[in-house]
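Okay, work28.cif now, which holds mmCIF, C-alpha atoms and all ligand atoms:
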data_work
loop_
_atom_site.label_atom_id
_atom_site.label_comp_id
_atom_site.auth_asym_id
_atom_site.auth_seq_id
_atom_site.Cartn_x
_atom_site.Cartn_y
_atom_site.Cartn_z
CA ARG A 837 -3.77 -5.17 26.25
CA LYS A 838 -2.72 -5.77 22.64
CA LEU A 839 -4.92 -5.72 19.56
CA ASN A 840 -5.41 -9.30 18.30
CA VAL A 841 -4.66 -9.42 14.58
CA ALA A 842 -5.53 -12.17 12.07
CA LEU A 843 -3.46 -12.17 8.87
CA CYS A 844 -5.61 -13.02 5.83
CA GLY A 845 -3.36 -14.39 3.04
CA LEU A 846 -0.04 -16.00 3.95
CA GLY A 847 2.25 -15.00 1.09
CA ARG A 848 5.49 -13.05 0.96
CA TYR A 849 4.39 -9.82 2.58
CA ALA A 850 2.52 -11.62 5.38
CA GLY A 851 5.97 -12.89 6.43
CA TYR A 852 7.20 -9.30 6.89
CA LEU A 853 4.05 -8.44 8.82
CA ALA A 854 4.57 -11.44 11.11
CA GLU A 855 8.06 -10.12 11.91
CA GLY A 856 6.56 -6.70 12.64
CA LEU A 857 3.85 -8.22 14.81
CA ALA A 858 6.48 -10.12 16.80
CA VAL A 859 8.03 -6.83 17.99
CA SER A 860 4.89 -4.69 18.02
CA GLN A 861 3.96 -2.91 21.24
CA TYR A 862 0.22 -2.66 20.53
CA CYS A 863 -0.59 -5.61 18.22
CA ARG A 864 -0.04 -9.36 18.30
CA LEU A 865 -0.49 -12.14 15.77
CA ALA A 866 -3.56 -14.03 17.03
CA GLY A 867 -5.02 -15.73 13.94
CA VAL A 868 -4.45 -16.69 10.30
CA VAL A 869 -6.59 -17.16 7.20
CA SER A 870 -5.36 -19.18 4.22
CA GLY A 871 -6.60 -21.45 1.45
CA THR A 872 -3.65 -23.82 1.93
CA PRO A 873 -3.99 -26.31 4.86
CA ALA A 874 -0.20 -26.91 5.00
CA LYS A 875 0.44 -23.16 5.44
CA LEU A 876 -2.16 -22.95 8.20
CA ALA A 877 -0.48 -25.87 10.01
CA ASP A 878 2.97 -24.33 9.58
CA TRP A 879 1.96 -20.86 10.84
CA GLN A 880 -0.04 -22.36 13.71
CA LYS A 881 3.05 -24.21 14.90
CA ARG A 882 5.58 -21.46 14.21
CA TYR A 883 3.62 -18.64 15.87
CA ASN A 884 1.80 -20.66 18.52
CA ILE A 885 -1.65 -19.80 17.12
CA PRO A 886 -4.57 -21.70 18.68
CA PRO A 887 -6.39 -23.92 16.11
CA GLN A 888 -9.69 -22.14 16.79
CA ASN A 889 -8.11 -18.93 15.38
CA CYS A 890 -7.25 -20.52 12.00
CA TYR A 891 -9.64 -20.12 9.08
CA ASN A 892 -9.83 -20.97 5.41
CA TYR A 893 -11.55 -18.80 2.79
CA GLN A 894 -14.77 -20.86 3.08
CA ASN A 895 -15.27 -20.76 6.85
CA PHE A 896 -13.75 -17.29 7.30
CA ASP A 897 -17.14 -15.68 8.10
CA GLU A 898 -17.32 -17.78 11.29
CA ILE A 899 -14.73 -15.34 12.67
CA VAL A 900 -17.77 -13.24 13.68
CA ALA A 901 -18.13 -15.44 16.79
CA ASN A 902 -14.43 -15.29 17.69
CA LYS A 903 -13.87 -12.72 20.45
CA ALA A 904 -10.13 -13.46 20.36
CA ILE A 905 -9.72 -11.59 17.03
CA ASP A 906 -10.08 -7.78 16.89
CA LEU A 907 -8.77 -6.99 13.43
CA VAL A 908 -8.27 -8.72 10.08
CA TYR A 909 -5.22 -7.68 8.02
CA VAL A 910 -5.95 -8.42 4.33
CA VAL A 911 -2.69 -9.33 2.51
CA LEU A 912 -4.18 -11.01 -0.56
CA PRO A 913 -3.80 -10.22 -4.29
CA ASN A 914 -5.27 -6.77 -4.97
CA ALA A 915 -8.56 -7.84 -6.55
CA LEU A 916 -9.44 -9.90 -3.47
CA HIS A 917 -9.06 -6.94 -1.07
CA LYS A 918 -12.66 -5.85 -1.58
CA GLU A 919 -14.30 -9.20 -0.86
CA PHE A 920 -12.28 -9.96 2.27
CA THR A 921 -12.50 -6.42 3.65
CA ILE A 922 -16.27 -6.53 3.34
CA ARG A 923 -16.53 -10.03 4.85
CA ALA A 924 -14.28 -9.00 7.78
CA ALA A 925 -16.33 -5.85 8.34
CA LYS A 926 -19.57 -7.84 8.32
CA ALA A 927 -17.98 -10.10 10.94
CA GLY A 928 -17.50 -7.00 13.13
CA LYS A 929 -13.70 -6.83 12.80
CA HIS A 930 -11.59 -3.75 12.14
CA VAL A 931 -9.62 -4.07 8.90
CA ILE A 932 -6.20 -3.12 7.61
CA VAL A 933 -5.99 -3.71 3.87
CA GLU A 934 -2.75 -3.74 1.90
CA LYS A 935 -1.93 -1.29 -0.88
CA PRO A 936 -3.30 -0.71 -3.43
CA MET A 937 -6.55 -0.61 -1.43
CA ALA A 938 -8.46 -2.23 -4.34
CA THR A 939 -8.34 -2.36 -8.13
CA THR A 940 -10.98 0.34 -8.72
CA ALA A 941 -12.20 3.48 -6.95
CA ALA A 942 -15.71 1.99 -6.99
CA ASP A 943 -14.47 -0.99 -4.96
CA CYS A 944 -12.79 1.39 -2.48
CA ARG A 945 -16.11 3.18 -2.01
CA ALA A 946 -17.90 -0.13 -1.40
CA MET A 947 -15.27 -1.12 1.20
CA ILE A 948 -15.54 2.22 3.01
CA ALA A 949 -19.36 1.95 3.02
CA ALA A 950 -19.28 -1.63 4.36
CA CYS A 951 -16.95 -0.69 7.22
CA LYS A 952 -19.04 2.34 8.07
CA ALA A 953 -22.26 0.27 8.07
CA ALA A 954 -20.64 -2.34 10.33
CA GLY A 955 -19.23 0.28 12.71
CA VAL A 956 -15.61 -0.90 12.24
CA GLN A 957 -12.57 1.09 11.16
CA LEU A 958 -10.68 0.62 7.92
CA ALA A 959 -6.98 1.39 7.49
CA VAL A 960 -4.72 1.04 4.44
CA GLY A 961 -1.29 -0.56 4.93
CA TYR A 962 0.66 2.61 4.15
CA ARG A 963 3.78 1.80 6.16
CA LEU A 964 5.69 4.93 5.05
CA HIS A 965 3.32 7.21 6.97
CA TYR A 966 5.04 5.91 10.12
CA GLU A 967 8.59 6.01 8.74
CA PRO A 968 10.82 8.85 10.06
CA HIS A 969 12.47 9.79 6.72
CA HIS A 970 9.06 10.06 5.05
CA GLN A 971 7.62 11.99 7.98
CA GLU A 972 10.50 14.43 7.43
CA LEU A 973 9.69 14.66 3.69
CA MET A 974 6.10 15.53 4.66
CA ARG A 975 7.32 18.21 7.09
CA LEU A 976 9.79 19.73 4.61
CA GLY A 977 7.15 19.85 1.87
CA GLN A 978 3.99 20.76 3.74
CA GLN A 979 5.68 23.37 5.98
CA LYS A 980 7.68 24.76 3.01
CA ILE A 981 10.91 24.59 5.04
CA PHE A 982 13.02 25.30 1.92
CA GLY A 983 10.28 27.34 0.29
CA PRO A 984 7.37 25.96 -1.75
CA VAL A 985 7.96 22.72 -3.66
CA ARG A 986 7.88 23.39 -7.41
CA HIS A 987 8.56 19.91 -8.76
CA ILE A 988 8.85 16.33 -7.53
CA ASP A 989 10.50 13.52 -9.45
CA VAL A 990 9.77 10.15 -7.84
CA SER A 991 10.09 6.72 -9.43
CA LEU A 992 10.04 3.11 -8.32
CA GLY A 993 10.90 0.07 -10.34
CA TYR A 994 12.41 -3.37 -10.00
CA ARG A 995 13.12 -6.17 -12.42
CA LEU A 996 10.78 -9.14 -12.50
CA ASP A 997 12.50 -11.13 -15.28
CA GLY A 998 12.48 -14.84 -14.57
CA ALA A 999 9.26 -14.54 -12.56
CA ASP A 1000 6.60 -17.26 -12.80
CA PRO A 1001 4.33 -16.17 -15.71
CA ASN A 1002 1.39 -17.52 -13.71
CA ASP A 1003 2.06 -15.13 -10.81
CA TRP A 1004 -1.03 -13.01 -10.02
CA HIS A 1005 0.92 -9.78 -10.64
CA PHE A 1006 0.72 -10.53 -14.42
CA LYS A 1007 -3.03 -11.32 -14.35
CA LYS A 1008 -5.11 -8.19 -14.70
CA ALA A 1009 -8.17 -9.76 -13.05
CA LEU A 1010 -6.15 -10.27 -9.84
CA SER A 1011 -3.72 -7.34 -9.90
CA GLY A 1012 -5.79 -4.62 -11.57
CA GLY A 1013 -2.66 -3.60 -13.52
CA GLY A 1014 1.12 -3.79 -13.62
CA PRO A 1015 3.81 -1.77 -11.82
CA LEU A 1016 1.54 1.28 -11.58
CA MET A 1017 -0.75 -0.61 -9.17
CA ASN A 1018 2.05 -2.36 -7.33
CA LEU A 1019 4.75 0.36 -7.16
CA GLY A 1020 3.33 3.54 -8.67
CA VAL A 1021 0.91 3.89 -5.79
CA TYR A 1022 3.91 4.80 -3.60
CA CYS A 1023 4.95 7.55 -6.02
CA VAL A 1024 1.43 9.00 -6.13
CA GLN A 1025 1.27 8.79 -2.32
CA SER A 1026 4.55 10.63 -1.77
CA CYS A 1027 3.60 13.48 -4.15
CA ARG A 1028 0.25 13.88 -2.37
CA TYR A 1029 1.65 13.81 1.17
CA VAL A 1030 4.73 15.94 0.53
CA LEU A 1031 2.67 18.63 -1.18
CA GLY A 1032 -0.32 18.19 1.15
CA ALA A 1033 -2.47 18.72 -1.94
CA GLU A 1034 -4.50 16.77 -4.51
CA PRO A 1035 -3.61 16.55 -8.22
CA VAL A 1036 -6.10 18.10 -10.62
CA ALA A 1037 -5.00 16.41 -13.86
CA VAL A 1038 -2.65 13.80 -15.27
CA THR A 1039 -0.92 12.85 -18.52
CA ALA A 1040 0.70 9.43 -18.99
CA GLN A 1041 2.51 7.15 -21.45
CA PHE A 1042 3.02 3.37 -21.44
CA GLY A 1043 6.66 2.30 -21.85
CA PRO A 1044 7.90 -0.25 -24.39
CA VAL A 1045 7.21 -3.93 -23.63
CA GLN A 1046 10.47 -5.90 -23.45
CA HIS A 1047 9.22 -9.21 -22.01
CA LYS A 1048 6.30 -9.93 -24.33
CA ASP A 1049 5.74 -13.37 -22.79
CA LEU A 1050 5.03 -11.94 -19.31
CA TYR A 1051 3.23 -8.68 -20.12
CA THR A 1052 0.24 -9.78 -22.17
CA GLU A 1053 -2.36 -8.32 -19.76
CA VAL A 1054 -0.67 -5.55 -17.76
CA GLU A 1055 1.90 -2.83 -18.51
CA GLU A 1056 5.62 -3.48 -18.00
CA ALA A 1057 6.46 0.21 -17.55
CA ILE A 1058 4.55 3.48 -17.35
CA THR A 1059 5.51 7.14 -17.03
CA TRP A 1060 3.17 9.88 -15.85
CA GLN A 1061 2.91 13.54 -14.90
CA LEU A 1062 0.65 14.79 -12.11
CA TYR A 1063 -0.49 18.45 -12.23
CA PHE A 1064 -1.22 20.14 -8.91
CA PRO A 1065 -2.77 23.56 -8.23
CA GLY A 1066 -0.43 26.52 -8.66
CA GLY A 1067 1.56 25.06 -11.54
CA VAL A 1068 3.37 22.46 -9.40
CA PHE A 1069 3.94 19.20 -11.25
CA CYS A 1070 5.38 15.75 -10.51
CA THR A 1071 6.96 13.21 -12.84
CA SER A 1072 7.17 9.45 -12.18
CA THR A 1073 7.95 6.12 -13.77
CA SER A 1074 7.08 2.67 -12.44
CA ALA A 1075 8.57 -0.29 -14.21
CA ASN A 1076 9.35 -3.98 -13.96
CA ASN A 1077 12.20 -3.95 -16.49
CA PHE A 1078 14.72 -1.77 -14.66
CA GLY A 1079 15.53 -0.80 -11.08
CA ILE A 1080 14.90 2.67 -9.68
CA ASP A 1081 13.99 3.84 -6.19
CA ARG A 1082 14.31 7.58 -5.65
CA PHE A 1083 12.52 10.76 -4.60
CA PHE A 1084 13.65 14.33 -5.41
CA ALA A 1085 11.80 17.55 -4.54
CA SER A 1086 12.92 20.87 -6.00
CA THR A 1087 11.92 23.93 -3.94
CA ASP A 1088 12.29 27.69 -4.33
CA ASN A 1089 15.28 27.74 -1.95
CA GLY A 1090 16.82 24.30 -2.38
CA PHE A 1091 15.94 20.60 -2.58
CA PHE A 1092 15.41 17.42 -0.59
CA GLU A 1093 15.91 13.87 -1.77
CA LEU A 1094 15.85 10.23 -0.69
CA SER A 1095 17.28 7.15 -2.43
CA PRO A 1096 16.51 4.37 -1.72
CA ALA A 1097 13.17 5.98 -0.99
CA VAL A 1098 10.47 3.33 -0.80
CA SER A 1099 12.05 -0.04 0.01
CA TYR A 1100 12.30 -1.32 3.58
CA GLY A 1101 15.52 0.72 4.04
CA PRO A 1102 18.13 1.59 5.00
CA PHE A 1103 17.21 4.95 3.51
CA ARG A 1104 19.71 7.60 2.47
CA GLY A 1105 18.78 11.23 1.94
CA ARG A 1106 20.07 14.73 1.75
CA THR A 1107 18.77 18.26 1.55
CA SER A 1108 20.33 21.43 0.17
CA GLN A 1109 21.53 22.01 3.75
CA GLY A 1110 23.02 18.61 4.54
CA GLU A 1111 22.30 14.99 5.34
CA LEU A 1112 18.74 13.72 5.82
CA LYS A 1113 19.23 10.80 8.20
CA PHE A 1114 16.95 9.18 10.76
CA PRO A 1115 17.03 5.76 12.43
CA ASP A 1116 16.03 2.90 10.12
CA ILE A 1117 13.16 1.18 11.89
CA ASN A 1118 10.98 -1.92 11.49
CA GLN A 1119 8.39 -0.26 9.26
CA GLN A 1120 5.75 -2.94 9.66
CA ALA A 1121 5.93 -2.74 13.48
CA ALA A 1122 5.77 1.07 13.38
CA GLN A 1123 2.70 0.99 11.14
CA LEU A 1124 0.94 -1.67 13.24
CA ASP A 1125 1.73 0.27 16.42
CA GLY A 1126 0.49 3.54 14.95
CA ILE A 1127 -2.83 1.97 13.97
CA GLY A 1128 -3.10 -0.33 17.01
CA ARG A 1129 -2.60 2.48 19.52
CA VAL A 1130 -5.50 4.46 18.02
CA LEU A 1131 -7.86 1.49 17.84
CA LEU A 1132 -7.09 0.32 21.39
CA ALA A 1133 -7.82 3.84 22.66
CA GLY A 1134 -11.20 3.69 20.89
CA GLU A 1135 -10.26 6.74 18.80
CA LYS A 1136 -10.94 7.44 15.13
CA LEU A 1137 -8.12 6.71 12.71
CA PRO A 1138 -6.78 9.86 11.02
CA ASP A 1139 -7.83 10.29 7.37
CA HIS A 1140 -4.25 9.91 6.09
CA ILE A 1141 -4.27 6.20 7.01
CA ALA A 1142 -8.02 5.48 6.57
CA GLY A 1143 -9.96 4.15 3.57
CA ILE A 1144 -10.46 7.64 2.15
CA GLU A 1145 -6.70 7.87 1.52
CA GLY A 1146 -6.72 4.62 -0.47
CA LEU A 1147 -9.73 5.83 -2.46
CA LYS A 1148 -7.97 9.09 -3.38
CA ASP A 1149 -4.97 7.12 -4.67
CA LEU A 1150 -7.17 4.79 -6.73
CA MET A 1151 -8.85 7.82 -8.34
CA VAL A 1152 -5.40 9.04 -9.42
CA LEU A 1153 -4.29 5.56 -10.61
CA GLU A 1154 -7.46 5.19 -12.70
CA ALA A 1155 -6.86 8.63 -14.25
CA ILE A 1156 -3.25 7.65 -15.08
CA TYR A 1157 -4.41 4.52 -16.93
CA LYS A 1158 -7.09 6.52 -18.77
CA ALA A 1159 -4.50 9.14 -19.80
CA ALA A 1160 -2.04 6.47 -21.03
CA GLU A 1161 -4.79 4.65 -22.95
CA THR A 1162 -6.25 7.77 -24.61
CA GLY A 1163 -3.10 9.90 -24.96
CA ARG A 1164 -5.11 12.76 -23.47
CA ARG A 1165 -4.78 14.93 -20.37
CA VAL A 1166 -7.33 13.58 -17.84
CA SER A 1167 -8.89 15.67 -15.07
CA ILE A 1168 -9.21 14.26 -11.57
CA ASN A 1169 -12.27 15.30 -9.59
CA SER A 1170 -11.41 14.76 -5.95
P1 LIG A 1201 2.02 -13.17 -2.60
O1 LIG A 1201 1.72 -13.70 -3.95
O2 LIG A 1201 3.34 -13.49 -1.98
O3 LIG A 1201 0.91 -13.62 -1.55
C1 LIG A 1201 -0.46 -13.62 -1.87
C2 LIG A 1201 -1.16 -14.69 -1.05
O4 LIG A 1201 -2.53 -14.75 -1.46
C3 LIG A 1201 -0.56 -16.09 -1.25
O5 LIG A 1201 -0.37 -16.69 -0.02
C4 LIG A 1201 -1.64 -16.82 -2.05
O6 LIG A 1201 -1.71 -18.19 -1.73
C5 LIG A 1201 -2.92 -16.10 -1.61
N1 LIG A 1201 -4.02 -16.21 -2.57
C6 LIG A 1201 -5.29 -16.39 -2.23
N2 LIG A 1201 -6.08 -16.44 -3.31
C7 LIG A 1201 -5.28 -16.30 -4.37
C8 LIG A 1201 -5.51 -16.27 -5.78
N3 LIG A 1201 -6.73 -16.39 -6.29
N4 LIG A 1201 -4.44 -16.10 -6.58
C9 LIG A 1201 -3.20 -15.94 -6.08
N5 LIG A 1201 -2.93 -15.96 -4.75
C10 LIG A 1201 -3.95 -16.13 -3.90
O7 LIG A 1201 1.81 -11.58 -2.67
P2 LIG A 1201 2.34 -10.49 -1.64
O8 LIG A 1201 3.60 -9.89 -2.19
O9 LIG A 1201 2.34 -11.02 -0.26
O10 LIG A 1201 1.23 -9.36 -1.83
C11 LIG A 1201 -0.03 -9.41 -1.15
C12 LIG A 1201 -0.55 -7.99 -0.98
O11 LIG A 1201 0.36 -7.24 -0.18
C13 LIG A 1201 -0.70 -7.22 -2.30
O12 LIG A 1201 -1.85 -6.41 -2.25
C14 LIG A 1201 0.55 -6.35 -2.35
O13 LIG A 1201 0.38 -5.16 -3.08
C15 LIG A 1201 0.78 -6.07 -0.88
N6 LIG A 1201 2.21 -5.80 -0.55
C16 LIG A 1201 2.52 -4.73 0.22
C17 LIG A 1201 3.82 -4.45 0.53
C18 LIG A 1201 4.15 -3.27 1.40
O14 LIG A 1201 5.33 -2.94 1.52
N7 LIG A 1201 3.18 -2.64 2.01
C19 LIG A 1201 4.84 -5.27 0.05
C20 LIG A 1201 4.50 -6.38 -0.72
C21 LIG A 1201 3.17 -6.63 -1.02
#
Structure re-expressed in structure tokens:
Amino acid sequence: RKLNVALCGLGRYAGYLAEGLAVSQYCRLAGVVSGTPAKLADWQKRYNIPPQNCYNYQNFDEIVANKAIDLVYVVLPNALHKEFTIRAAKAGKHVIVEKPMATTAADCRAMIAACKAAGVQLAVGYRLHYEPHHQELMRLGQQKIFGPVRHIDVSLGYRLDGADPNDWHFKKALSGGGPLMNLGVYCVQSCRYVLGAEPVAVTAQFGPVQHKDLYTEVEEAITWQLYFPGGVFCTSTSANNFGIDRFFASTDNGFFELSPAVSYGPFRGRTSQGELKFPDINQQAAQLDGIGRVLLAGEKLPDHIAGIEGLKDLMVLEAIYKAAETGRRVSINS
């Protein structure tokens, strides 16, 4: 049997997830949740979804009575993740919530508590945990294949000029912040999972604002440094005024790198001993299958994909903002 998934929020990324669901071995698209009746009608027709599995944001809680839905995948603007995760949990559904898990660590804690109280499992949509190049980065780093990692430089940015100024990404109440929340979370993730360790402190600096009309509420660019135990440190920039997508780890006996590193591929990488190349896969399908297989077997999701992982990232993101705002080094208590 396949896990029956309802997508909550039918924007851009939901389209990628629908493609992943179409080829998933363990999950299928069974329901949709949207505030726009025309989108519900369109998705219902396109994906052959029964009308009784379509909800709007008002009647969403009625999903509690719907045995044909096992899991709700929350793909809404960041600040809405908390509300819809908690409502889905209260309706007895497992939840996958997109990155960043929420806009504050406190909200992450509330989401984890709600899922625990309801006896459902909570996963974060960290697709790269199921991606072969990134699994290799984890192996090279955590198993110290080229010796211990001393430094990681990882950055992600893309230009958003010409974007609709009303887009939720520019509204702090909906996004929680700028490119740090949207893109920087991937940089923080990769440092944490390649080192297999937690940062103890952070320093950070906001970049100059070039598009003053768009960036009145959130940063346009931000640079930060994460300090790990043993003197290891990582440097990153996330920006919406230039393009960058690369990962580089320097080790005692060599290096390993990937660029592009975070997009949907194809990825290209190399190590001090040669090419780093694996098949480019459908990342959304791989992630859904990885989570679906565990849930169908009635097993517990591993911590690296569960709510606790999203919470740890939010603690780091909050510390980065605090460091950039105060100009001080900020400790992280994990
Ligand atoms: P989007 O703007 O394309 O879609 C958001 C959807 O939410 C839209 O359908 C919109 O109608 C709906 N919505 C409901 N209430 C809203 C409100 N009050 N204001 C604005 N929109 C509202 O955004 P997206 O790119 O699909 O991003 C959705 C989530 O997915 C975000 O959390 C984002 O970080 C995440 N995401 C993840 C990846 C990934 O690779 N894992 C990629 C892109 C986006």
Pro1001 (chain A) environment, 10 Å, only C-alpha atoms, sequence neighbours closer than 5 positions dropped, as a ChimeraX atom specification: /A:1006-1007,1049-1052
Write the residues you've just listed into a file as a PDB file, in the frame of the given file, and include C-alpha atoms for each of them.
ATOM      1  CA  PHE A1006       0.720 -10.530 -14.420  1.00  0.00           C
ATOM      2  CA  LYS A1007      -3.030 -11.320 -14.350  1.00  0.00           C
ATOM      3  CA  ASP A1049       5.740 -13.370 -22.790  1.00  0.00           C
ATOM      4  CA  LEU A1050       5.030 -11.940 -19.310  1.00  0.00           C
ATOM      5  CA  TYR A1051       3.230  -8.680 -20.120  1.00  0.00           C
ATOM      6  CA  THR A1052       0.240  -9.780 -22.170  1.00  0.00           C
TER       7      THR A1052
END
Ligand LIG 1201 (chain A): which residues are within 8 Å, counting all atoms listed in the file? Reply as a PDB file with C-alpha atoms, in the frame of the given file.
ATOM      1  CA  GLY A 845      -3.360 -14.390   3.040  1.00  0.00           C
ATOM      2  CA  LEU A 846      -0.040 -16.000   3.950  1.00  0.00           C
ATOM      3  CA  GLY A 847       2.250 -15.000   1.090  1.00  0.00           C
ATOM      4  CA  ARG A 848       5.490 -13.050   0.960  1.00  0.00           C
ATOM      5  CA  TYR A 849       4.390  -9.820   2.580  1.00  0.00           C
ATOM      6  CA  ALA A 850       2.520 -11.620   5.380  1.00  0.00           C
ATOM      7  CA  GLY A 851       5.970 -12.890   6.430  1.00  0.00           C
ATOM      8  CA  SER A 870      -5.360 -19.180   4.220  1.00  0.00           C
ATOM      9  CA  GLY A 871      -6.600 -21.450   1.450  1.00  0.00           C
ATOM     10  CA  THR A 872      -3.650 -23.820   1.930  1.00  0.00           C
ATOM     11  CA  VAL A 910      -5.950  -8.420   4.330  1.00  0.00           C
ATOM     12  CA  VAL A 911      -2.690  -9.330   2.510  1.00  0.00           C
ATOM     13  CA  LEU A 912      -4.180 -11.010  -0.560  1.00  0.00           C
ATOM     14  CA  PRO A 913      -3.800 -10.220  -4.290  1.00  0.00           C
ATOM     15  CA  ASN A 914      -5.270  -6.770  -4.970  1.00  0.00           C
ATOM     16  CA  LEU A 916      -9.440  -9.900  -3.470  1.00  0.00           C
ATOM     17  CA  HIS A 917      -9.060  -6.940  -1.070  1.00  0.00           C
ATOM     18  CA  VAL A 933      -5.990  -3.710   3.870  1.00  0.00           C
ATOM     19  CA  GLU A 934      -2.750  -3.740   1.900  1.00  0.00           C
ATOM     20  CA  LYS A 935      -1.930  -1.290  -0.880  1.00  0.00           C
ATOM     21  CA  PRO A 936      -3.300  -0.710  -3.430  1.00  0.00           C
ATOM     22  CA  MET A 937      -6.550  -0.610  -1.430  1.00  0.00           C
ATOM     23  CA  GLY A 961      -1.290  -0.560   4.930  1.00  0.00           C
ATOM     24  CA  TYR A 962       0.660   2.610   4.150  1.00  0.00           C
ATOM     25  CA  ARG A 963       3.780   1.800   6.160  1.00  0.00           C
ATOM     26  CA  ASP A1003       2.060 -15.130 -10.810  1.00  0.00           C
ATOM     27  CA  TRP A1004      -1.030 -13.010 -10.020  1.00  0.00           C
ATOM     28  CA  HIS A1005       0.920  -9.780 -10.640  1.00  0.00           C
ATOM     29  CA  LEU A1010      -6.150 -10.270  -9.840  1.00  0.00           C
ATOM     30  CA  SER A1011      -3.720  -7.340  -9.900  1.00  0.00           C
ATOM     31  CA  MET A1017      -0.750  -0.610  -9.170  1.00  0.00           C
ATOM     32  CA  ASN A1018       2.050  -2.360  -7.330  1.00  0.00           C
ATOM     33  CA  SER A1099      12.050  -0.040   0.010  1.00  0.00           C
ATOM     34  CA  TYR A1100      12.300  -1.320   3.580  1.00  0.00           C
TER      35      TYR A1100
END
Contacts of Val908 (chain A) at 10 Å (only C-alpha atoms; same-chain gap of 6+ positions) as a PyMOL selection string: chain A and resi 840-844+866-869+899+920-921+923-925+927-933+958
A:Lys926, A:Lys1148, A:Gln880, A:Ala874 ranked by distance to Asp897 (chain A), top pick (using all atoms listed in the file): A:Lys926
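Coordinates place CA of Thr939 (chain A) at a distance of 13.9 Å from CA of Lys1158 (chain A).
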Build an axis-aligned box that encloses every atom of region 955-961 of chain A listed in the file, pad it by 8 Å on each side, and report its centre and edge lengths in Å to one decimal, as lines of an AutoDock Vina configuration file.
center_x = -10.3
center_y = 0.2
center_z = 8.6
size_x = 33.9
size_y = 18.3
size_z = 24.3
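Coordinates place CA of Ser860 (chain A) at a distance of 16.2 Å from CA of Leu964 (chain A).
Closest to Leu1062 (chain A) among A:Ala959, A:Val1152, A:Ala915, A:Ile981 is A:Val1152, based on only C-alpha atoms.
When the distance limit is 9 Å and only C-alpha atoms are what count, the residues near region 948-950 of chain A, minus those fewer than 2 positions from it on the same chain, are Thr921, Ile922, Arg923, Ala925, Lys926, Asp943, Cys944, Arg945, Ala946, Lys952, Ala953, Ala954, Gly955, Val956, Gln957, Leu958, Ala1142, Gly1143, Ile1144 and Leu1147 of chain A.
Going from CA of Phe1069 (chain A) to CA of Gly1043 (chain A) covers 20.1 Å.
Residues within 10 Å of Ser1026 (chain A), counting all atoms listed in the file and excluding same-chain residues fewer than 5 positions away, are Leu964, His965, His970, Leu973, Met974, Ile988, Val990, Gly1020, Val1021, Leu1031, Gly1032, Phe1083, Ala1097 and Val1098 of chain A.
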